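Report on one structure; see the data block that follows.
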Amino acid sequence: MEIRPIVASLKKHRIPAVLIVLEIALACAVLCNAVFMVHQCIASVNSSNAIDEAGMSVITVGGIDASQAPAAIVRDLAAFHSIAGVKAAAAVDRVPLDHDVWLGSYSATPTEAGWINSSIYFLGDGGERAMGLRLLQGRYFTPEEYAGGAVGADGKSTSHVVIINESDAKRLWPGQNALGKQLYSDETVWTVIGVVADVLAQAPDFSGGTGKYSSVFFPLRPDVELGRYVLRSSPADRDRVLAQAMRALGTLEPGAVLEGHAYVDMRSAYFADVRGMAWMLTLVCAVMLAVTALGIVGLTSFWVGQRRRQIGIRRAVGATHAQILRYFQTENFLLSTAGVLLGVVLAVAANLYLVRHYEVGHLPWSYLASSVLALWVLGQVAVLGPALRAAAVPPVVATRSV
Amino acid sequence: MFGYYLDLAVHSLKRNKVLTGLMVLAIAMGIGASMTTLTVLHVLSGDPLPGRSGSLYTPQIDPLDLNNYAPGVEPPDQLSWIDGNYLLKAKRATRQALMTEGMVPLQPAQPSIDPFHAVALYTTADFFPMFGVPFQYGNGWGNADDDAKARVVVISAKLNDKLFGGKNSVGKELRLQEKAFRIIGVLGDWHPQPHFYQLYMGSYADDEDIFVPFFTSRDLHMEHDGSTDCWGNSGGDPNNLEHVNCTWLQFWVQLDTPQAVAAYKSFLVNYSQEQHDNGRFARSPNVRLRNVMQWLDYQQVVPSDTRLQAWLAISFLVVCLVNTVGLMLAKFMRRAGELSVRRALGASQRALFGQLLMESGIVGCVGGVAGLLLALLGLWLVRQQPADYAKIAHMDASMLVVTFALSICASLLAGLLPAWRACRVTPALQLKAN
């Protein structure tokens, strides 16, 4: 296909040509960034979390006096264990994606200013079984370590042992075995006795990229700090177990404020905003592509209408249907190419701005490539109708005045 | 003249319904999307206390150690126990209140209502007059109650409805954390948005259910929630917050004149200098004094998602406008023949230009109405979202005007280039060609 006559004709119709290029460029820029953000949303909603999410129920307990709490915990846990279907139950201070957050900064040396917000989890006896942690190396806490653990006046664990996430083990001691290493927070030190598969942070957005999978676990004896009961059962038993546990607690602790949820519901509620954002972005993309396609159809139809006589003349001097069709398709391809080139530049510029001012990552090349492809296809689909109409112009038009 | 142009425009728009419909749709979508997000942005960045917010200030002072210190670094957002108490007792402003927030277990007297956690604000007496808090029944407490650590409580209208069916409950007893408190006031309609004086429970969160005197809450070890930022080797032991190096209190003052603001600022500098000389502050005086709107701006209370959505919607509007320009160009240029006849019959270029712009204006009006409906639908969708700011997303009169203005401006802008191109037809050439 000869390109020169097309370019010559485009030069004579600068304004519509520039408009189509602009339309495609803007659509490409917005599409790249929006699709990328949708992908980021989906990735955060689907964040993996190495606990038994499907089988876990969480009951938050408030309003129990500090002096009464240890006895209450022992009493309540005994009651939970007698419920049919409960595989494990324990008191913990927080669960991943908790609305109440406790973060601290930990490092491999006492002097290092590590500025990663690690989520701090205090587990009561059996907490690892109730949450369904997955041990990769080392061991869990012993009953003695549980019985001896407390929270000091400085808010740190008085125990000397800690279990950490796999990601932290790799980050703090790259290429080494983390077991037996010393973990510091300022001058306080703990020995790493176990490494578990990555448990999600209490607030993944707030903790930053590295903090998302940075969690430390300490043992704690029955204490008022342990304000959540975690019950583990098979997913089928879960709702019944939760209801029974709530009833049992209602009679055992009449003054307490109770709130019980299946963990999957807590997770779903936590990510509801992000899901909403993803839907909104998808909607905007779809509508924008539709508007762009309609715009191309409108402009090209007008263009075809304007050039009916020229088309007629070409047909009269021997051009075939297919040649006319291909003429318009090539023309659209040229315009789309100019549009996506400009669009890629705009997309990268917009992305750089977003990276600077919002929590958005760098745009991978694959997104640019697929947006370019999508807009090429969109352009060809949009131009097909008008181009077919152009190809249907009979040669006789050349001899008629309209 | 205007009537005639209007007639011509309507006539011409009717001739090609599909194209007209497409233009209206493009404008309506763009306007609908951008007005939805702009309205949310507008509501979220509103003034929580119009008329009063200009004279309310929150002081920041810097008691931190030299870790991560650089000149010009921002002081912490909150105050420590020592500094907060000093500023409160100094009484250098017209009014001042110290506050923090917490969740308090509330044990209702009615057996039909299960115990629940109530969101509590622990504050001092000036809070109510300083922020102009309206009362339905009774009133707030005085300085004497603060000093006496009195067990009194002010409750919100919502809680009063829930517990007492909306009737006057002043004088009744309320059990908080198993202790008896006497209700002395019930608030009226009090929903400052954003929740400027306490941003740690969510900037657009529900308001507090109960208000308890600050020193009473410490006396009874009521739970403190929200941010506790510590420095040095200090942990945030919740029962020992009076003695640790942590900031966890909010403090607001009322300063009515610029002189008072300047005087208060120099008071803060002097205090910091004095503490620095005594060795308690490691850093040289580093203070800020921001009023409500400056504070909200500094804290960036408007969620970044919302700002991102606004950018996205505006780019979408631009895409729609470029499309409209294209469609109008197509429409106007198609009528070159008709326009040249009019030119040949004596219509000036200006008159043609006016007629064509009238067409774009009508498209803008219709697009504006449709866009408004879409925006209302969009806001309804936003209100279905679970985010804490979602439920305050409502269209107001000023945004309604902006919607129409934006829509008509946008369509006139979109019509400008096509109309200019179209009215420059050379009548002789066109007529000959036909």
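How things are named: the first chain in the structure tokens is A, the next is B, and so on; residues count from 1 in each chain; ligands count from 1 in the order shown.
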
Report task. For region 21-25 of chain A, work out the shell of residues within 8 Å, counting only C-alpha atoms and skipping chain neighbours fewer than 5 positions away, then give it as a PyMOL selection string. Result -> (chain A and resi 292+295+335-336+338-344+346+375) or (chain B and resi 319+322-323)

Requested in this report: Could you give me the residues within region 48-290 of chain A that DSSP places in alpha helix (DSSP H), as an NGL selection string?
Outcome: :A and (69-81 or 127-131 or 143-148 or 166-172 or 204-211 or 238-252 or 263-270 or 272-290)

Show me, as CSV, the residues of chain A having an atom within 9 Å of chain B, each with the closest atom pair and its distance in Å, using only C-alpha atoms.
```
residue,atom,partner,partner_atom,distance
A:Ile15,CA,B:Gly326,CA,8.7
A:Pro16,CA,B:Gly326,CA,6.6
A:Leu19,CA,B:Gly326,CA,6.2
A:Ile20,CA,B:Gly326,CA,7.7
A:Leu22,CA,B:Val322,CA,7.4
A:Glu23,CA,B:Val322,CA,6.2
A:Ile24,CA,B:Val319,CA,8.8
A:Leu26,CA,B:Val319,CA,6.2
A:Ala27,CA,B:Val319,CA,6.7
A:Val30,CA,B:Ser315,CA,7.1
A:Ala34,CA,B:Leu312,CA,8.1
A:Gly62,CA,B:Pro105,CA,6.6
A:Gly63,CA,B:Pro105,CA,5.0
A:Ile64,CA,B:Gln177,CA,8.2
A:Asp65,CA,B:Gln177,CA,8.2
A:Asp100,CA,B:Asp225,CA,8.6
A:Val151,CA,B:Asp237,CA,8.8
A:Gly152,CA,B:Asp237,CA,7.8
A:Ala153,CA,B:Asp237,CA,5.4
A:Asp154,CA,B:Gly235,CA,3.6
A:Gly155,CA,B:Gly235,CA,4.7
A:Lys156,CA,B:Gly235,CA,7.0
A:Asp186,CA,B:Asn233,CA,6.9
A:Glu187,CA,B:Asn233,CA,8.0
A:Pro254,CA,B:Pro115,CA,8.3
A:Gly255,CA,B:Pro115,CA,6.4
A:Ala256,CA,B:Pro115,CA,6.4
A:Val257,CA,B:Phe116,CA,4.9
A:Leu258,CA,B:Phe116,CA,7.3
A:Glu259,CA,B:Phe116,CA,8.8
A:Ala269,CA,B:Pro386,CA,8.1
A:Ala272,CA,B:Pro386,CA,6.6
A:Asp273,CA,B:Ala387,CA,6.1
A:Gly276,CA,B:Gln385,CA,6.8
A:Met277,CA,B:Asp305,CA,8.0
A:Met280,CA,B:Gln309,CA,8.8
A:Leu281,CA,B:Gln309,CA,8.4
A:Val284,CA,B:Phe316,CA,7.7
A:Cys285,CA,B:Phe316,CA,8.9
A:Val287,CA,B:Met29,CA,8.3
A:Met288,CA,B:Phe316,CA,6.8
A:Val291,CA,B:Ala26,CA,6.6
A:Thr292,CA,B:Asn323,CA,6.8
A:Leu294,CA,B:Leu22,CA,7.8
A:Gly295,CA,B:Asn323,CA,5.1
A:Ile296,CA,B:Asn323,CA,8.1
A:Gly298,CA,B:Leu327,CA,5.9
A:Leu299,CA,B:Ala330,CA,5.9
A:Thr300,CA,B:Ala330,CA,8.7
A:Ser301,CA,B:Ala330,CA,8.3
A:Phe302,CA,B:Ala330,CA,5.3
A:Trp303,CA,B:Ala330,CA,7.6
A:Gly305,CA,B:Arg334,CA,8.1
A:Gln306,CA,B:Arg334,CA,7.3
A:Leu354,CA,B:Leu308,CA,8.3
A:His357,CA,B:Ser304,CA,8.8
A:Tyr358,CA,B:Ser304,CA,6.7
A:Glu359,CA,B:Ser304,CA,8.3
A:Ser401,CA,B:Asn434,CA,6.4
A:Val402,CA,B:Asn434,CA,6.3
```

Those same residues, written as a PDB file, in the first residue's frame with C-alpha atoms?
```
ATOM      1  CA  ILE A  15      -7.746  19.421  12.004  1.00  0.00           C
ATOM      2  CA  PRO A  16      -9.672  16.134  11.867  1.00  0.00           C
ATOM      3  CA  LEU A  19      -8.235  15.405  16.588  1.00  0.00           C
ATOM      4  CA  ILE A  20      -8.128  11.657  15.973  1.00  0.00           C
ATOM      5  CA  LEU A  22      -5.295  13.481  20.195  1.00  0.00           C
ATOM      6  CA  GLU A  23      -8.271  11.276  21.023  1.00  0.00           C
ATOM      7  CA  ILE A  24      -6.185   8.148  20.731  1.00  0.00           C
ATOM      8  CA  LEU A  26      -5.403  10.725  25.579  1.00  0.00           C
ATOM      9  CA  ALA A  27      -7.266   7.438  25.668  1.00  0.00           C
ATOM     10  CA  VAL A  30      -5.512   7.209  30.680  1.00  0.00           C
ATOM     11  CA  ALA A  34      -6.016   3.127  34.928  1.00  0.00           C
ATOM     12  CA  GLY A  62     -13.565  -5.360  75.606  1.00  0.00           C
ATOM     13  CA  GLY A  63     -14.470  -3.958  78.968  1.00  0.00           C
ATOM     14  CA  ILE A  64     -12.886  -6.634  81.138  1.00  0.00           C
ATOM     15  CA  ASP A  65     -10.878  -5.189  83.985  1.00  0.00           C
ATOM     16  CA  ASP A 100      -6.230  -1.638  65.867  1.00  0.00           C
ATOM     17  CA  VAL A 151       4.571  -6.859  78.104  1.00  0.00           C
ATOM     18  CA  GLY A 152       7.107  -4.559  79.750  1.00  0.00           C
ATOM     19  CA  ALA A 153       6.591  -0.953  80.819  1.00  0.00           C
ATOM     20  CA  ASP A 154       8.255   0.125  77.576  1.00  0.00           C
ATOM     21  CA  GLY A 155       5.636  -1.781  75.573  1.00  0.00           C
ATOM     22  CA  LYS A 156       8.121  -4.472  74.502  1.00  0.00           C
ATOM     23  CA  ASP A 186      16.824  -0.209  70.091  1.00  0.00           C
ATOM     24  CA  GLU A 187      18.693  -1.912  72.936  1.00  0.00           C
ATOM     25  CA  PRO A 254     -21.999 -10.550  81.114  1.00  0.00           C
ATOM     26  CA  GLY A 255     -20.426  -7.057  81.292  1.00  0.00           C
ATOM     27  CA  ALA A 256     -18.047  -7.506  78.376  1.00  0.00           C
ATOM     28  CA  VAL A 257     -18.375  -5.869  74.972  1.00  0.00           C
ATOM     29  CA  LEU A 258     -18.292  -8.653  72.376  1.00  0.00           C
ATOM     30  CA  GLU A 259     -17.842  -8.537  68.642  1.00  0.00           C
ATOM     31  CA  ALA A 269     -14.556  -5.576  54.791  1.00  0.00           C
ATOM     32  CA  ALA A 272     -13.996  -3.149  50.369  1.00  0.00           C
ATOM     33  CA  ASP A 273     -12.667   0.339  49.485  1.00  0.00           C
ATOM     34  CA  GLY A 276     -14.752  -0.204  44.957  1.00  0.00           C
ATOM     35  CA  MET A 277     -11.840   1.722  43.470  1.00  0.00           C
ATOM     36  CA  MET A 280     -14.746   2.465  39.347  1.00  0.00           C
ATOM     37  CA  LEU A 281     -11.535   2.431  37.334  1.00  0.00           C
ATOM     38  CA  VAL A 284     -14.183   4.589  33.505  1.00  0.00           C
ATOM     39  CA  CYS A 285     -11.898   2.633  31.150  1.00  0.00           C
ATOM     40  CA  VAL A 287     -16.808   4.090  28.984  1.00  0.00           C
ATOM     41  CA  MET A 288     -13.748   5.969  27.786  1.00  0.00           C
ATOM     42  CA  VAL A 291     -16.488   7.232  23.705  1.00  0.00           C
ATOM     43  CA  THR A 292     -13.195   7.137  21.820  1.00  0.00           C
ATOM     44  CA  LEU A 294     -17.653   6.532  18.746  1.00  0.00           C
ATOM     45  CA  GLY A 295     -15.532   9.621  18.185  1.00  0.00           C
ATOM     46  CA  ILE A 296     -13.433   7.826  15.587  1.00  0.00           C
ATOM     47  CA  GLY A 298     -18.076   9.997  13.792  1.00  0.00           C
ATOM     48  CA  LEU A 299     -15.023  11.721  12.396  1.00  0.00           C
ATOM     49  CA  THR A 300     -14.220   9.045   9.820  1.00  0.00           C
ATOM     50  CA  SER A 301     -17.800   8.913   8.564  1.00  0.00           C
ATOM     51  CA  PHE A 302     -17.738  12.644   8.069  1.00  0.00           C
ATOM     52  CA  TRP A 303     -14.459  12.312   6.275  1.00  0.00           C
ATOM     53  CA  GLY A 305     -18.795  11.723   3.278  1.00  0.00           C
ATOM     54  CA  GLN A 306     -16.589  14.647   2.335  1.00  0.00           C
ATOM     55  CA  LEU A 354       1.491   9.768  40.137  1.00  0.00           C
ATOM     56  CA  HIS A 357       2.470  12.243  44.600  1.00  0.00           C
ATOM     57  CA  TYR A 358       0.478   9.056  45.209  1.00  0.00           C
ATOM     58  CA  GLU A 359       1.138   5.482  46.281  1.00  0.00           C
ATOM     59  CA  SER A 401     -22.498  16.606  -9.142  1.00  0.00           C
ATOM     60  CA  VAL A 402     -24.132  16.110  -5.776  1.00  0.00           C
TER      61      VAL A 402
END
```

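Distances here use only C-alpha atoms; by that measure, the residue among B:Leu220, B:Leu79, B:Val369, B:Leu163 closest to Ser407 (chain B) is B:Val369.
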
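Using only C-alpha atoms, the nearest neighbour of Ala349 (chain A) within the list A:Gly211, A:Ala245, A:Val7, A:Asn33 is A:Asn33.
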
Query - Residues flagged strand (DSSP E or B) by DSSP in region 63-311 of chain B, as a PyMOL selection string - result: chain B and resi 79+95-106+116-123+135-138+152-155+173-176+179-187+210-213+225+229-230+246-247+249-254+288-291

Could you list, as a PDB file with C-alpha atoms, in the first residue's frame, every residue within 12 Å of Ser47 (chain A), counting only C-alpha atoms and ignoring same-chain residues fewer than 6 positions away?
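File written: result28.pdb
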```
ATOM      1  CA  GLN A  40      -2.497  -2.931  41.764  1.00  0.00           C
ATOM      2  CA  CYS A  41      -5.903  -2.921  43.477  1.00  0.00           C
ATOM      3  CA  PRO A  96      -3.709  -9.484  60.412  1.00  0.00           C
ATOM      4  CA  LEU A  97      -5.746  -6.589  58.920  1.00  0.00           C
ATOM      5  CA  ASP A 198       4.541 -14.764  55.440  1.00  0.00           C
ATOM      6  CA  VAL A 199       1.663 -13.436  57.549  1.00  0.00           C
ATOM      7  CA  LEU A 200       0.091 -10.209  56.320  1.00  0.00           C
ATOM      8  CA  ALA A 201       0.589  -6.954  58.245  1.00  0.00           C
ATOM      9  CA  PRO A 204      -0.613  -3.231  54.791  1.00  0.00           C
ATOM     10  CA  ASP A 205      -1.215   0.278  53.353  1.00  0.00           C
ATOM     11  CA  LYS A 212       3.384  -5.586  54.204  1.00  0.00           C
ATOM     12  CA  TYR A 213       5.026  -8.904  55.065  1.00  0.00           C
ATOM     13  CA  ARG A 267     -10.771  -9.455  55.307  1.00  0.00           C
ATOM     14  CA  SER A 268     -13.497  -8.680  52.829  1.00  0.00           C
ATOM     15  CA  TYR A 270     -10.949  -4.419  55.021  1.00  0.00           C
ATOM     16  CA  PHE A 271     -10.522  -4.450  51.243  1.00  0.00           C
TER      17      PHE A 271
END
```

Report task. For Ala428 (chain B), please output as a count of residues only all residues within 12 Å (counting only C-alpha atoms; exclusion window: fewer than 6 positions along the same chain). Result -> 10
